[in-house]
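So this one's work-v7.csv, CSV, C-alpha atoms:
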chain,number,residue,atom,x,y,z
D,1,MET,CA,0.0,0.0,0.0
D,2,SER,CA,1.7,3.2,-1.1
D,3,GLY,CA,1.9,5.9,1.4
D,4,THR,CA,1.1,3.7,4.4
D,5,GLU,CA,3.7,3.8,7.1
D,6,PRO,CA,3.3,1.2,9.8
D,7,HIS,CA,4.1,2.5,13.2
D,8,THR,CA,4.7,-0.1,15.9
D,9,LEU,CA,5.0,0.3,19.6
D,10,THR,CA,7.3,-2.7,19.8
D,11,ASP,CA,10.1,-0.7,21.4
D,12,LEU,CA,8.0,-0.8,24.5
D,13,PRO,CA,8.7,-3.2,27.4
D,14,MET,CA,5.3,-4.6,26.9
D,15,ALA,CA,5.9,-8.1,27.9
D,16,ALA,CA,8.3,-7.2,30.7
D,17,GLU,CA,5.6,-6.4,33.2
D,18,PRO,CA,2.4,-8.1,34.1
D,19,LEU,CA,-0.8,-6.8,32.8
D,20,GLY,CA,-2.1,-3.9,34.9
D,21,ALA,CA,1.3,-3.3,36.6
D,22,GLY,CA,1.2,0.4,35.8
D,23,VAL,CA,-2.4,1.0,36.6
D,24,PRO,CA,-2.2,2.1,40.3
D,25,GLN,CA,0.2,4.8,39.3
D,26,PRO,CA,-1.4,8.3,39.0
D,27,ALA,CA,-1.8,9.1,35.4
D,28,SER,CA,0.0,12.4,35.9
D,29,ALA,CA,3.2,10.8,37.2
D,30,ALA,CA,5.6,11.5,34.3
D,31,GLY,CA,7.4,8.6,32.9
D,32,SER,CA,5.4,6.1,34.9
D,33,ASN,CA,3.4,4.9,32.0
D,34,PRO,CA,5.5,3.9,29.0
D,35,ILE,CA,2.5,2.8,26.9
D,36,ARG,CA,0.7,6.1,27.4
D,37,ASP,CA,3.9,8.0,26.6
D,38,ALA,CA,4.6,6.0,23.5
D,39,ILE,CA,1.0,6.6,22.2
D,40,THR,CA,1.3,10.3,22.9
D,41,GLU,CA,4.6,10.5,21.2
D,42,ALA,CA,3.3,8.5,18.1
D,43,ILE,CA,0.4,11.0,17.9
D,44,SER,CA,2.7,14.0,18.0
D,45,GLU,CA,5.2,12.5,15.6
D,46,HIS,CA,2.8,11.7,12.8
D,47,LYS,CA,0.6,14.2,11.0
D,48,VAL,CA,-1.9,11.5,10.2
D,49,ILE,CA,-2.1,8.4,12.4
D,50,LEU,CA,-4.7,5.7,12.6
D,51,PHE,CA,-5.1,3.4,15.6
D,52,MET,CA,-6.9,0.4,14.3
D,53,LYS,CA,-7.5,-3.3,14.8
D,54,GLY,CA,-5.1,-5.2,12.5
D,55,THR,CA,-3.0,-3.5,9.9
D,56,PRO,CA,-3.8,-1.5,6.8
D,57,GLU,CA,-2.9,-4.6,4.7
D,58,ALA,CA,-5.0,-6.9,6.9
D,59,PRO,CA,-7.6,-5.0,9.0
D,60,ALA,CA,-9.2,-7.2,11.7
D,61,CYS,CA,-12.4,-5.3,11.9
D,62,GLY,CA,-14.9,-3.9,9.3
D,63,PHE,CA,-14.8,-0.4,10.9
D,64,SER,CA,-11.0,-0.3,10.7
D,65,ALA,CA,-11.1,-1.6,7.1
D,66,ARG,CA,-13.6,1.1,6.1
D,67,THR,CA,-11.5,3.9,7.6
D,68,VAL,CA,-8.3,2.6,6.0
D,69,ALA,CA,-10.2,2.5,2.6
D,70,ALA,CA,-11.2,6.1,3.0
D,71,LEU,CA,-7.7,7.2,3.6
D,72,GLN,CA,-6.2,5.1,0.9
D,73,SER,CA,-8.7,6.3,-1.7
D,74,LEU,CA,-7.5,9.9,-1.0
D,75,ASP,CA,-3.9,8.7,-1.4
D,76,ALA,CA,-3.3,10.1,2.1
D,77,PRO,CA,-0.1,8.9,3.7
D,78,PHE,CA,-0.7,7.7,7.2
D,79,ALA,CA,0.9,5.9,10.1
D,80,ALA,CA,-1.0,3.0,11.6
D,81,VAL,CA,-0.9,1.4,15.0
D,82,ASP,CA,-2.4,-2.0,15.6
D,83,ILE,CA,-4.0,-1.9,19.0
D,84,LEU,CA,-4.7,-5.7,19.2
D,85,PRO,CA,-1.3,-7.0,20.4
D,86,ASP,CA,-1.7,-5.6,24.0
D,87,PRO,CA,-5.0,-4.6,25.6
D,88,ARG,CA,-3.3,-1.8,27.4
D,89,ILE,CA,-2.8,0.1,24.2
D,90,ARG,CA,-6.6,0.4,23.8
D,91,GLN,CA,-7.0,1.3,27.5
D,92,GLU,CA,-4.4,4.1,27.4
D,93,LEU,CA,-5.6,5.4,24.0
D,94,ALA,CA,-9.2,5.6,25.3
D,95,ALA,CA,-8.0,7.5,28.3
D,96,ILE,CA,-5.9,10.0,26.2
D,97,SER,CA,-8.6,10.6,23.6
D,98,ASN,CA,-11.7,10.3,25.7
D,99,TRP,CA,-13.1,8.1,22.9
D,100,PRO,CA,-14.2,4.5,23.6
D,101,THR,CA,-14.1,2.9,20.2
D,102,ILE,CA,-11.5,1.8,17.6
D,103,PRO,CA,-10.5,3.0,15.0
D,104,GLN,CA,-9.4,6.5,15.9
D,105,LEU,CA,-7.9,8.9,13.4
D,106,PHE,CA,-5.7,11.7,14.6
D,107,VAL,CA,-4.5,14.6,12.3
D,108,ASP,CA,-2.0,17.1,13.6
D,109,GLY,CA,-2.3,15.7,17.1
D,110,GLU,CA,-6.1,16.1,17.3
D,111,LEU,CA,-8.7,13.3,17.3
D,112,VAL,CA,-10.7,13.6,14.1
D,113,GLY,CA,-13.0,10.7,14.8
D,114,GLY,CA,-13.8,7.1,14.4
D,115,CYS,CA,-15.2,5.2,11.5
D,116,ASP,CA,-18.6,7.0,11.4
D,117,ILE,CA,-17.1,10.5,11.4
D,118,VAL,CA,-14.3,9.7,9.0
D,119,THR,CA,-16.8,8.1,6.6
D,120,GLU,CA,-19.1,11.1,6.8
D,121,MET,CA,-16.2,13.5,6.3
D,122,TYR,CA,-15.0,11.4,3.4
D,123,GLU,CA,-18.4,11.6,1.7
D,124,SER,CA,-18.7,15.4,2.3
D,125,GLY,CA,-15.1,16.1,1.1
D,126,GLU,CA,-14.0,17.4,4.5
D,127,LEU,CA,-11.6,14.6,5.0
D,128,ALA,CA,-9.6,15.5,1.9
D,129,GLN,CA,-9.4,19.1,3.3
D,130,VAL,CA,-8.2,18.2,6.8
D,131,LEU,CA,-5.6,15.8,5.3
D,132,LEU,CA,-4.0,18.5,3.1
L,1,MET,CA,-28.3,-8.7,25.9
L,2,ALA,CA,-29.6,-5.4,24.8
L,3,THR,CA,-32.3,-4.8,22.2
L,4,ALA,CA,-32.4,-1.9,19.8
L,5,GLU,CA,-35.4,-0.6,21.8
L,6,ASP,CA,-33.3,-0.7,25.0
L,7,ILE,CA,-30.6,1.3,23.4
L,8,LYS,CA,-33.1,3.8,22.0
L,9,GLU,CA,-34.8,4.3,25.4
L,10,ARG,CA,-31.5,4.8,27.2
L,11,ILE,CA,-30.3,7.4,24.7
L,12,GLU,CA,-33.6,9.2,24.7
L,13,SER,CA,-33.9,9.3,28.5
L,14,ALA,CA,-30.3,10.4,29.0
L,15,ILE,CA,-30.2,13.2,26.4
L,16,PRO,CA,-33.1,15.6,26.9
L,17,GLY,CA,-35.3,16.0,23.8
L,18,ALA,CA,-33.3,13.4,21.9
L,19,HIS,CA,-34.9,11.2,19.2
L,20,ALA,CA,-33.1,8.0,18.4
L,21,GLU,CA,-33.5,5.5,15.7
L,22,VAL,CA,-31.7,2.3,16.5
L,23,GLU,CA,-31.1,-0.8,14.5
L,24,ASP,CA,-29.5,-4.1,15.7
L,25,TYR,CA,-27.8,-4.8,12.4
L,26,THR,CA,-26.5,-8.2,13.2
L,27,GLY,CA,-29.5,-9.4,15.2
L,28,GLY,CA,-27.1,-10.5,17.9
L,29,GLY,CA,-27.9,-7.8,20.5
L,30,ASP,CA,-24.4,-6.3,20.5
L,31,HIS,CA,-23.9,-4.4,17.2
L,32,PHE,CA,-26.1,-1.4,16.8
L,33,ARG,CA,-26.5,1.5,14.5
L,34,ALA,CA,-28.1,4.7,15.7
L,35,THR,CA,-29.2,8.0,14.3
L,36,VAL,CA,-29.7,10.5,17.1
L,37,THR,CA,-31.4,13.9,16.6
L,38,ALA,CA,-31.1,16.3,19.5
L,39,MET,CA,-31.0,20.0,20.2
L,40,ALA,CA,-28.3,19.2,22.8
L,41,PHE,CA,-25.9,18.7,19.8
L,42,GLN,CA,-26.3,22.3,18.8
L,43,GLY,CA,-23.0,24.2,18.8
L,44,ARG,CA,-21.0,21.0,19.5
L,45,SER,CA,-18.4,19.4,17.2
L,46,ARG,CA,-19.2,16.0,15.8
L,47,ILE,CA,-16.7,14.5,18.2
L,48,GLU,CA,-18.5,16.1,21.1
L,49,GLN,CA,-21.9,15.0,19.8
L,50,HIS,CA,-20.7,11.4,19.6
L,51,ARG,CA,-19.1,11.6,23.0
L,52,LEU,CA,-22.5,12.6,24.5
L,53,VAL,CA,-24.0,9.4,23.1
L,54,TYR,CA,-21.1,7.2,24.1
L,55,GLU,CA,-21.2,8.5,27.6
L,56,VAL,CA,-24.7,7.1,28.0
L,57,PHE,CA,-23.2,3.6,27.9
L,58,GLY,CA,-19.8,4.1,29.5
L,59,ALA,CA,-17.7,1.0,29.7
L,60,GLU,CA,-20.4,-1.0,27.9
L,61,ILE,CA,-19.1,0.4,24.7
L,62,GLY,CA,-16.4,-2.1,23.6
L,63,GLY,CA,-17.8,-4.5,26.3
L,64,ALA,CA,-21.3,-5.8,26.1
L,65,ILE,CA,-22.0,-3.4,23.2
L,66,HIS,CA,-19.4,-4.3,20.6
L,67,ALA,CA,-20.3,-1.6,18.2
L,68,LEU,CA,-22.5,1.5,18.2
L,69,ALA,CA,-22.3,3.1,14.8
L,70,LEU,CA,-23.5,6.7,15.2
L,71,LYS,CA,-24.9,9.5,13.1
L,72,THR,CA,-25.8,12.6,15.1
L,73,GLN,CA,-27.6,15.7,14.0
L,74,THR,CA,-29.6,18.6,15.3
L,75,PRO,CA,-33.3,18.9,14.3
L,76,GLN,CA,-32.2,21.5,11.8
L,77,ASP,CA,-29.8,19.1,10.2
L,78,ASP,CA,-32.4,16.5,9.7
L,79,ALA,CA,-32.5,16.6,5.9
L,80,SER,CA,-35.5,14.4,5.5
L,81,PRO,CA,-37.6,16.0,2.8
L,82,VAL,CA,-40.8,14.8,4.4
L,83,LYS,CA,-41.6,16.9,7.5
L,84,ILE,CA,-44.6,15.9,9.4
L,85,SER,CA,-45.4,18.3,12.2
L,86,SER,CA,-48.3,17.9,14.6
L,87,GLN,CA,-49.9,20.5,16.9
So that I can check it, write out the structure of this file as structure tokens.
Amino acid sequence: MSGTEPHTLTDLPMAAEPLGAGVPQPASAAGSNPIRDAITEAISEHKVILFMKGTPEAPACGFSARTVAALQSLDAPFAAVDILPDPRIRQELAAISNWPTIPQLFVDGELVGGCDIVTEMYESGELAQVLL
Amino acid sequence: MATAEDIKERIESAIPGAHAEVEDYTGGGDHFRATVTAMAFQGRSRIEQHRLVYEVFGAEIGGAIHALALKTQTPQDDASPVKISSQ
């Protein structure tokens, strides 16, 4: 897929600690939450980034597939993060974005929406504008 | 297991003046599609409008409710060409 840039969070010590080990820490304690930090960093590093189930080549959910298809049909380059490998990615992402569902599309550090909003914006032409 | 009617009632009772049309599109009681029309959406971004609806269900979204596809609008946005008003 041209223009698609996979972004993985594999540099994280994900398997090194048991699930939930970081949870009792206050969310504001800097550096105490490597997954949250990695997500925040990924959002700020990429102009267009999609958190999805599966990969752009092999989406694992129809909503993620539809969102990828909208971006690809506009030839928009985007980074993608698969949230399935570790449930904490989804938990932390939901806490950061205050948005409960997957996929989530961020442009310029801001949540644009999930599948419904991205599809609506694609159909109205707004999506092409925000991706410029 | 929720029915489309349950989802509709919960949205309409939580958001004042809301009208919801809800469809259980797999028939399995866990994947729903809703169109919600409410004055409460006025002046809010689409993100904020959807958040208002998601907040009705809290952690059930992604839990017991696997999917809730949303379309939100204010009564003025309702583009239906057929307007039936009573009273």
Worksheet, complete the sentence: Using all atoms listed in the file, the shortest atom-to-atom distance to chain D among L:Pro16, L:Gly28, L:Gly58, L:Pro75 belongs to L:Gly58
Worksheet entry | Residue among D:Gly62, D:Gly109, D:Gly54, D:Pro103 lying closest to Leu84 (chain D), counting all atoms listed in the file |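 Among the listed residues, D:Gly54 lies closest to Leu84 (chain D).
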Worksheet entry | Protein and nucleic acid residues near (-8.3, 4.4, 17.8) (cut-off 9 Å, all atoms listed in the file) as a PyMOL selection string | chain D and resi 50-53+64+81-83+90+93-94+97+99-106+111+113-114
Write a file of the just-selected residues containing C-alpha atoms, as a compact mmCIF listing (two decimals), keeping the file's coordinate frame.
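And here is the file that came out, part-v4.txt:
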# COMPACT_ATOMS: atom_id res chain seq x y z
CA LEU D 50 -4.70 5.70 12.60
CA PHE D 51 -5.10 3.40 15.60
CA MET D 52 -6.90 0.40 14.30
CA LYS D 53 -7.50 -3.30 14.80
CA SER D 64 -11.00 -0.30 10.70
CA VAL D 81 -0.90 1.40 15.00
CA ASP D 82 -2.40 -2.00 15.60
CA ILE D 83 -4.00 -1.90 19.00
CA ARG D 90 -6.60 0.40 23.80
CA LEU D 93 -5.60 5.40 24.00
CA ALA D 94 -9.20 5.60 25.30
CA SER D 97 -8.60 10.60 23.60
CA TRP D 99 -13.10 8.10 22.90
CA PRO D 100 -14.20 4.50 23.60
CA THR D 101 -14.10 2.90 20.20
CA ILE D 102 -11.50 1.80 17.60
CA PRO D 103 -10.50 3.00 15.00
CA GLN D 104 -9.40 6.50 15.90
CA LEU D 105 -7.90 8.90 13.40
CA PHE D 106 -5.70 11.70 14.60
CA LEU D 111 -8.70 13.30 17.30
CA GLY D 113 -13.00 10.70 14.80
CA GLY D 114 -13.80 7.10 14.40
Discussion item. Within 8 Å of chain D, which residues belong to chain L? Use all atoms listed in the file and report them as a VMD selection string.
Written reply: chain L and resid 46 to 47 51 54 59 61 to 62 67 69 to 71
Worksheet entry | Atomic distance CA of Ala18 (chain L) - CA of Glu126 (chain D), expressed in Å with one decimal | 26.3 Å
Fill in: Long-range neighbours of Met39 (chain L) as a list in words, 8 Å cut-off, all atoms listed in the file, 2 positions minimum in chain
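Neighbouring residues, sequence-local ones excluded: Gly17, Ala18, Thr37, Phe41, Gln42, Thr74 and Pro75 of chain L.
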Practice prompt. Mind giving me the straight-line distance from CA of Leu71 (chain D) to CA of His46 (chain D) in Å, one decimal?
Written response: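 Between these atoms lies a distance of 14.7 Å.
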Worksheet item: Please, what distance in Å, to one decimal, runs between CA of Arg88 (chain D) and CA of Leu131 (chain D)?
Response: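 Between these atoms lies a distance of 28.3 Å.
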Discussion item. I'd like the neighbourhood of Val56 (chain L) as a PyMOL selection string, where a residue qualifies if any of its atoms comes within 10 Å (using all atoms listed in the file), though same-chain residues fewer than 4 positions away should be ignored.
Written reply: chain L and resi 7+10-15+51-52+60-61
Would you write out those residues with C-alpha atoms, as a compact mmCIF listing (two decimals), in the coordinates of the input?
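For reference, out.txt as written:
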# COMPACT_ATOMS: atom_id res chain seq x y z
CA ILE L 7 -30.60 1.30 23.40
CA ARG L 10 -31.50 4.80 27.20
CA ILE L 11 -30.30 7.40 24.70
CA GLU L 12 -33.60 9.20 24.70
CA SER L 13 -33.90 9.30 28.50
CA ALA L 14 -30.30 10.40 29.00
CA ILE L 15 -30.20 13.20 26.40
CA ARG L 51 -19.10 11.60 23.00
CA LEU L 52 -22.50 12.60 24.50
CA GLU L 60 -20.40 -1.00 27.90
CA ILE L 61 -19.10 0.40 24.70
Worksheet entry | Top pick for closest residue to Ala34 (chain L), considering L:Ala4, L:Ile65, L:Asp78, L:Glu48 and counting only C-alpha atoms |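 Answer, going by the shortest atom-to-atom distance: L:Ala4.
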Item to complete: Rank nothing, just name the residue among L:Ser45, L:Gly63, L:Gln76, L:Leu68 nearest to Val22 (chain L), using all atoms listed in the file.
Response: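 Looking only at the distances to Val22 (chain L), the closest residue turns out to be L:Leu68.
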Item to complete: Give the answer as one residue: which of D:Ala65, D:Met121, D:Leu127, D:Ile96 has the shortest atom-to-atom distance to Ile39 (chain D), using all atoms listed in the file?
Response: D:Ile96
Practice prompt. Point out the residue among L:Asp30, L:Glu9, L:Thr3, L:Asp77 with the least atom-to-atom distance to Ala64 (chain L), counting all atoms listed in the file.
Written response: L:Asp30
